[in-house]
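Here's entry.pdb, which has PDB, C-alpha atoms:
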```pdb
ATOM      1  CA  MET A   1      30.853 -96.914-160.378  1.00  0.00           C
ATOM      2  CA  GLN A   2      31.900 -97.061-164.029  1.00  0.00           C
ATOM      3  CA  THR A   3      30.701 -99.584-166.578  1.00  0.00           C
ATOM      4  CA  TYR A   4      32.380-100.239-169.915  1.00  0.00           C
ATOM      5  CA  LYS A   5      30.063-100.699-172.874  1.00  0.00           C
ATOM      6  CA  PHE A   6      30.976-102.958-175.811  1.00  0.00           C
ATOM      7  CA  ASP A   7      29.339-103.574-179.188  1.00  0.00           C
ATOM      8  CA  ALA A   8      26.787-106.393-179.044  1.00  0.00           C
ATOM      9  CA  ASP A   9      28.113-107.984-182.264  1.00  0.00           C
ATOM     10  CA  THR A  10      31.863-107.355-182.377  1.00  0.00           C
ATOM     11  CA  LYS A  11      32.323-107.063-178.575  1.00  0.00           C
ATOM     12  CA  GLU A  12      34.559-104.070-179.311  1.00  0.00           C
ATOM     13  CA  TYR A  13      34.864-101.428-176.566  1.00  0.00           C
ATOM     14  CA  LEU A  14      32.607 -98.420-177.226  1.00  0.00           C
ATOM     15  CA  TYR A  15      32.463 -96.074-174.237  1.00  0.00           C
ATOM     16  CA  THR A  16      32.282 -95.656-170.467  1.00  0.00           C
ATOM     17  CA  GLU A  17      29.091 -94.843-168.594  1.00  0.00           C
ATOM     18  CA  GLU A  18      28.035 -94.414-164.997  1.00  0.00           C
ATOM     19  CA  ALA A  19      26.254 -97.370-163.342  1.00  0.00           C
ATOM     20  CA  PHE A  20      23.068 -96.999-161.279  1.00  0.00           C
ATOM     21  CA  LEU A  21      22.477 -98.421-157.835  1.00  0.00           C
ATOM     22  CA  ASP A  22      19.861-101.163-157.525  1.00  0.00           C
ATOM     23  CA  PRO A  23      17.827 -99.841-154.572  1.00  0.00           C
ATOM     24  CA  LEU A  24      15.983-103.095-153.810  1.00  0.00           C
ATOM     25  CA  GLU A  25      19.053-105.366-153.916  1.00  0.00           C
ATOM     26  CA  SER A  26      21.177-102.800-152.072  1.00  0.00           C
ATOM     27  CA  LYS A  27      18.596-102.695-149.254  1.00  0.00           C
ATOM     28  CA  ALA A  28      18.179-106.489-149.199  1.00  0.00           C
ATOM     29  CA  GLN A  29      21.934-107.165-149.054  1.00  0.00           C
ATOM     30  CA  GLY A  30      22.815-104.224-146.828  1.00  0.00           C
ATOM     31  CA  ARG A  31      25.489-103.026-149.255  1.00  0.00           C
ATOM     32  CA  ASP A  32      25.712-101.145-152.570  1.00  0.00           C
ATOM     33  CA  VAL A  33      24.671-103.333-155.487  1.00  0.00           C
ATOM     34  CA  TRP A  34      25.181-101.785-158.909  1.00  0.00           C
ATOM     35  CA  LEU A  35      23.138-102.486-162.034  1.00  0.00           C
ATOM     36  CA  LEU A  36      25.155-103.686-165.000  1.00  0.00           C
ATOM     37  CA  PRO A  37      23.635-102.660-168.354  1.00  0.00           C
ATOM     38  CA  ALA A  38      23.465-105.170-171.201  1.00  0.00           C
ATOM     39  CA  ASP A  39      26.686-105.540-173.210  1.00  0.00           C
ATOM     40  CA  SER A  40      28.749-103.972-170.439  1.00  0.00           C
ATOM     41  CA  THR A  41      31.294-104.995-167.849  1.00  0.00           C
ATOM     42  CA  PHE A  42      32.730-103.485-164.676  1.00  0.00           C
ATOM     43  CA  THR A  43      36.250-104.429-165.872  1.00  0.00           C
ATOM     44  CA  GLU A  44      38.163-101.443-167.240  1.00  0.00           C
ATOM     45  CA  PRO A  45      39.592-102.020-170.752  1.00  0.00           C
ATOM     46  CA  PRO A  46      43.230-101.329-171.608  1.00  0.00           C
ATOM     47  CA  VAL A  47      44.142 -98.615-174.084  1.00  0.00           C
ATOM     48  CA  ALA A  48      44.166-100.081-177.608  1.00  0.00           C
ATOM     49  CA  GLU A  49      47.609-100.395-179.172  1.00  0.00           C
ATOM     50  CA  LYS A  50      48.153 -98.852-182.618  1.00  0.00           C
ATOM     51  CA  GLY A  51      46.566-101.127-185.244  1.00  0.00           C
ATOM     52  CA  TYR A  52      44.517-103.000-182.638  1.00  0.00           C
ATOM     53  CA  ALA A  53      41.045-102.797-181.125  1.00  0.00           C
ATOM     54  CA  VAL A  54      40.034-103.819-177.605  1.00  0.00           C
ATOM     55  CA  ARG A  55      37.439-106.626-177.512  1.00  0.00           C
ATOM     56  CA  TRP A  56      35.591-108.279-174.612  1.00  0.00           C
ATOM     57  CA  ASN A  57      35.945-112.088-174.779  1.00  0.00           C
ATOM     58  CA  GLY A  58      33.369-112.801-172.069  1.00  0.00           C
ATOM     59  CA  THR A  59      35.797-112.801-169.173  1.00  0.00           C
ATOM     60  CA  ALA A  60      38.499-110.242-170.034  1.00  0.00           C
ATOM     61  CA  TRP A  61      39.537-107.593-172.553  1.00  0.00           C
ATOM     62  CA  GLU A  62      41.898-108.598-175.361  1.00  0.00           C
ATOM     63  CA  GLN A  63      43.813-106.741-178.058  1.00  0.00           C
ATOM     64  CA  VAL A  64      42.747-107.814-181.571  1.00  0.00           C
ATOM     65  CA  GLU A  65      44.303-106.783-184.891  1.00  0.00           C
ATOM     66  CA  ASP A  66      42.193-104.143-186.615  1.00  0.00           C
ATOM     67  CA  HIS A  67      42.772-103.676-190.363  1.00  0.00           C
ATOM     68  CA  ARG A  68      39.323-102.214-191.108  1.00  0.00           C
ATOM     69  CA  GLN A  69      38.795 -98.866-192.793  1.00  0.00           C
ATOM     70  CA  LYS A  70      37.652 -96.131-190.413  1.00  0.00           C
ATOM     71  CA  ARG A  71      34.601 -93.990-191.123  1.00  0.00           C
ATOM     72  CA  ASP A  72      33.757 -90.435-190.132  1.00  0.00           C
ATOM     73  CA  LYS A  73      30.563 -89.540-188.251  1.00  0.00           C
ATOM     74  CA  GLY A  74      28.710 -89.373-191.573  1.00  0.00           C
ATOM     75  CA  GLY A  75      29.732 -92.927-192.459  1.00  0.00           C
ATOM     76  CA  VAL A  76      32.190 -91.877-195.170  1.00  0.00           C
ATOM     77  CA  VAL A  77      35.432 -93.891-195.373  1.00  0.00           C
ATOM     78  CA  ILE A  78      38.416 -91.915-194.093  1.00  0.00           C
ATOM     79  CA  GLU A  79      41.002 -91.844-196.881  1.00  0.00           C
ATOM     80  CA  GLY A  80      44.171 -93.738-196.034  1.00  0.00           C
ATOM     81  CA  SER A  81      42.624 -95.732-193.208  1.00  0.00           C
ATOM     82  CA  GLY A  82      42.587 -99.499-193.124  1.00  0.00           C
ATOM     83  CA  THR A  83      45.117-101.925-194.551  1.00  0.00           C
ATOM     84  CA  PRO A  84      44.825-102.495-198.298  1.00  0.00           C
ATOM     85  CA  TYR A  85      45.683-106.044-199.353  1.00  0.00           C
ATOM     86  CA  TRP A  86      45.487-108.404-202.319  1.00  0.00           C
ATOM     87  CA  LEU A  87      45.130-112.166-202.475  1.00  0.00           C
ATOM     88  CA  LYS A  88      46.651-114.795-204.741  1.00  0.00           C
ATOM     89  CA  GLY A  89      44.856-114.590-208.080  1.00  0.00           C
ATOM     90  CA  ASP A  90      44.335-110.813-207.886  1.00  0.00           C
ATOM     91  CA  THR A  91      45.867-108.851-210.764  1.00  0.00           C
ATOM     92  CA  TRP A  92      47.252-105.344-211.188  1.00  0.00           C
ATOM     93  CA  GLU A  93      43.707-104.324-212.175  1.00  0.00           C
ATOM     94  CA  SER A  94      42.153-105.732-208.989  1.00  0.00           C
ATOM     95  CA  PRO A  95      41.067-103.108-206.441  1.00  0.00           C
ATOM     96  CA  ALA A  96      42.496-103.296-202.945  1.00  0.00           C
ATOM     97  CA  ARG A  97      40.595-105.408-200.451  1.00  0.00           C
ATOM     98  CA  TYR A  98      39.812-104.250-196.909  1.00  0.00           C
ATOM     99  CA  MET A  99      38.788-106.163-193.813  1.00  0.00           C
ATOM    100  CA  THR A 100      35.236-105.692-192.560  1.00  0.00           C
ATOM    101  CA  GLU A 101      35.758-107.585-189.289  1.00  0.00           C
ATOM    102  CA  LEU A 102      38.316-107.557-186.509  1.00  0.00           C
ATOM    103  CA  GLY A 103      41.225-109.970-186.800  1.00  0.00           C
ATOM    104  CA  PRO A 104      44.368-110.679-188.783  1.00  0.00           C
ATOM    105  CA  LEU A 105      44.591-110.398-192.551  1.00  0.00           C
ATOM    106  CA  PRO A 106      43.765-113.593-194.473  1.00  0.00           C
ATOM    107  CA  GLU A 107      46.576-116.082-194.907  1.00  0.00           C
ATOM    108  CA  GLY A 108      48.660-115.257-197.966  1.00  0.00           C
ATOM    109  CA  ALA A 109      47.544-111.610-198.081  1.00  0.00           C
ATOM    110  CA  MET A 110      49.947-109.332-199.958  1.00  0.00           C
ATOM    111  CA  LEU A 111      50.382-105.703-198.908  1.00  0.00           C
ATOM    112  CA  ALA A 112      51.758-104.598-202.284  1.00  0.00           C
ATOM    113  CA  LYS A 113      49.519-104.304-205.339  1.00  0.00           C
ATOM    114  CA  PRO A 114      50.390-106.859-208.036  1.00  0.00           C
ATOM    115  CA  GLU A 115      52.514-105.308-210.777  1.00  0.00           C
ATOM    116  CA  LYS A 116      51.509-104.930-214.409  1.00  0.00           C
ATOM    117  CA  PRO A 117      52.729-107.821-216.556  1.00  0.00           C
ATOM    118  CA  LEU A 118      55.736-107.051-218.745  1.00  0.00           C
ATOM    119  CA  GLU A 119      53.650-107.547-221.899  1.00  0.00           C
ATOM    120  CA  VAL A 120      51.174-104.842-220.829  1.00  0.00           C
ATOM    121  CA  LEU A 121      54.015-102.426-220.017  1.00  0.00           C
ATOM    122  CA  ARG A 122      55.589-103.170-223.414  1.00  0.00           C
ATOM    123  CA  LYS A 123      52.326-102.459-225.266  1.00  0.00           C
ATOM    124  CA  GLU A 124      51.806 -99.181-223.353  1.00  0.00           C
ATOM    125  CA  LYS A 125      55.352 -98.037-224.153  1.00  0.00           C
ATOM    126  CA  LEU A 126      55.023 -98.942-227.845  1.00  0.00           C
ATOM    127  CA  SER A 127      51.699 -97.110-228.006  1.00  0.00           C
ATOM    128  CA  ALA A 128      53.251 -93.975-226.464  1.00  0.00           C
ATOM    129  CA  LEU A 129      56.221 -94.144-228.850  1.00  0.00           C
ATOM    130  CA  ASN A 130      53.934 -94.583-231.882  1.00  0.00           C
ATOM    131  CA  ALA A 131      51.807 -91.614-230.794  1.00  0.00           C
ATOM    132  CA  ALA A 132      54.913 -89.437-230.349  1.00  0.00           C
ATOM    133  CA  PHE A 133      56.265 -90.513-233.727  1.00  0.00           C
ATOM    134  CA  ALA A 134      52.916 -89.795-235.429  1.00  0.00           C
ATOM    135  CA  SER A 135      52.804 -86.360-233.816  1.00  0.00           C
ATOM    136  CA  VAL A 136      56.326 -85.475-234.962  1.00  0.00           C
ATOM    137  CA  GLU A 137      55.684 -86.913-238.420  1.00  0.00           C
ATOM    138  CA  SER A 138      52.472 -84.901-238.919  1.00  0.00           C
ATOM    139  CA  GLY A 139      54.210 -81.691-237.813  1.00  0.00           C
ATOM    140  CA  ALA A 140      57.086 -82.088-240.296  1.00  0.00           C
TER     141      ALA A 140
END
```
Spell out the structure here as structure tokens.
Amino acid sequence: MQTYKFDADTKEYLYTEEAFLDPLESKAQGRDVWLLPADSTFTEPPVAEKGYAVRWNGTAWEQVEDHRQKRDKGGVVIEGSGTPYWLKGDTWESPARYMTELGPLPEGAMLAKPEKPLEVLRKEKLSALNAAFASVESGA
């Protein structure tokens, strides 16, 4: 008999393991009685859809949005994993945010990084033009 282990905190499906027979209960009841390890269920989970994780809700498995960054076996973030987002009030200088828990992105989350303000772009362009002019002028 298979059991399906889930994380004690997130309730996210982890792996499958073989159950053990309970010899005393099996003998007392005259039928096979299987031991269910902690944080496990006998209910088989569905395959997680892309962008979702499978979570045990106490009675059944459910698909839950998963925007978290993935990590390799060494705990290092896998580049390009997770859903980067920004919130109202973030600027073009703000780093991307990433979810640390299962579930949908916060309300109002933006998937595109805020753009540089026009004034900043103007100053950068003027600075580049002045540097080019100074370079040409000093070479003449």
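From CA of Arg97 (chain A) back to CA of Pro84 (chain A), the distance works out to 5.6 Å.
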For this session: Pick out the closest residue to Leu102 (chain A) from this set: A:Asp90, A:Asp7, A:Glu119, A:Asp66. Count all atoms listed in the file.
Result: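 Comparing A:Asp90, A:Asp7, A:Glu119, A:Asp66 against Leu102 (chain A), the winner is A:Asp66.
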Exercise. Near region 75-82 of chain A, counting all atoms listed in the file, which residues have an atom at most 10 Å away, once you skip same-chain residues fewer than 2 positions from it, shown as a list in words?
Worked result: Gly51, Asp66, His67, Arg68, Gln69, Lys70, Arg71, Asp72, Lys73, Pro84, Tyr85, Arg97, Tyr98, Met99 and Thr100 of chain A
Exercise. Which residues match the PyMOL selection byres ((chain A and resi 12) around 10) in the file above, as a VMD selection string?
Worked result: chain A and resid 5 to 11 13 to 15 53 to 57 61 to 64 102
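A straight line drawn from CA of Glu65 (chain A) to CA of Ala48 (chain A) is 9.9 Å long.
The two atoms in question, CA of Pro104 (chain A) and CA of Tyr52 (chain A), are spaced 9.8 Å apart.
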Kindly resolve the PyMOL selection byres ((chain A and resi 114) around 6) on the present coordinates and return the residues as a CSV table (one decimal) with C-alpha atoms, in the coordinates of the input.
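Okay, out_39.csv is ready:
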```csv
chain,number,residue,atom,x,y,z
A,91,THR,CA,45.9,-108.9,-210.8
A,92,TRP,CA,47.3,-105.3,-211.2
A,113,LYS,CA,49.5,-104.3,-205.3
A,115,GLU,CA,52.5,-105.3,-210.8
```
Problem set entry | Selection near Met1 (chain A), 8 Å with only C-alpha atoms, sequence-local residues under 2 positions removed, as a ChimeraX atom specification | /A:3,18-20,34
Problem set entry | Answer as number ranges by chain, residues within 7 Å of (46.3, -110.7, -202.4) using only C-alpha atoms | A: 85-88, 90, 108-110
Neighbours of Gln2 (chain A) within 12 Å (all atoms listed in the file; same-chain residues fewer than 5 positions away dropped), as a PDB file with C-alpha atoms, in the frame of the given file?
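New file part_20.pdb:
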```pdb
ATOM      1  CA  TYR A  15      32.463 -96.074-174.237  1.00  0.00           C
ATOM      2  CA  THR A  16      32.282 -95.656-170.467  1.00  0.00           C
ATOM      3  CA  GLU A  17      29.091 -94.843-168.594  1.00  0.00           C
ATOM      4  CA  GLU A  18      28.035 -94.414-164.997  1.00  0.00           C
ATOM      5  CA  ALA A  19      26.254 -97.370-163.342  1.00  0.00           C
ATOM      6  CA  PHE A  20      23.068 -96.999-161.279  1.00  0.00           C
ATOM      7  CA  LEU A  21      22.477 -98.421-157.835  1.00  0.00           C
ATOM      8  CA  TRP A  34      25.181-101.785-158.909  1.00  0.00           C
ATOM      9  CA  LEU A  35      23.138-102.486-162.034  1.00  0.00           C
ATOM     10  CA  LEU A  36      25.155-103.686-165.000  1.00  0.00           C
ATOM     11  CA  PRO A  37      23.635-102.660-168.354  1.00  0.00           C
ATOM     12  CA  SER A  40      28.749-103.972-170.439  1.00  0.00           C
ATOM     13  CA  THR A  41      31.294-104.995-167.849  1.00  0.00           C
ATOM     14  CA  PHE A  42      32.730-103.485-164.676  1.00  0.00           C
ATOM     15  CA  THR A  43      36.250-104.429-165.872  1.00  0.00           C
ATOM     16  CA  GLU A  44      38.163-101.443-167.240  1.00  0.00           C
ATOM     17  CA  PRO A  45      39.592-102.020-170.752  1.00  0.00           C
TER      18      PRO A  45
END
```
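Distances to Val120 (chain A) were evaluated for A:Glu107, A:Glu137, A:Glu101, A:Glu93 using only C-alpha atoms, and the minimum falls at A:Glu93.
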For this session: Pick out the closest residue to Leu111 (chain A) from this set: A:Lys50, A:Ala96, A:Asp32, A:Lys27. Count only C-alpha atoms.
Result: A:Ala96
Would you compute, for all listed atoms of region 18-33 of chain A, the axis-aligned bounding box grown by 8 Å on each side, and then report its centre and edge lengths in Å rounded to one decimal, as lines of an AutoDock Vina configuration file?
```
center_x = 22.0
center_y = -100.8
center_z = -155.9
size_x = 28.1
size_y = 28.8
size_z = 34.2
```
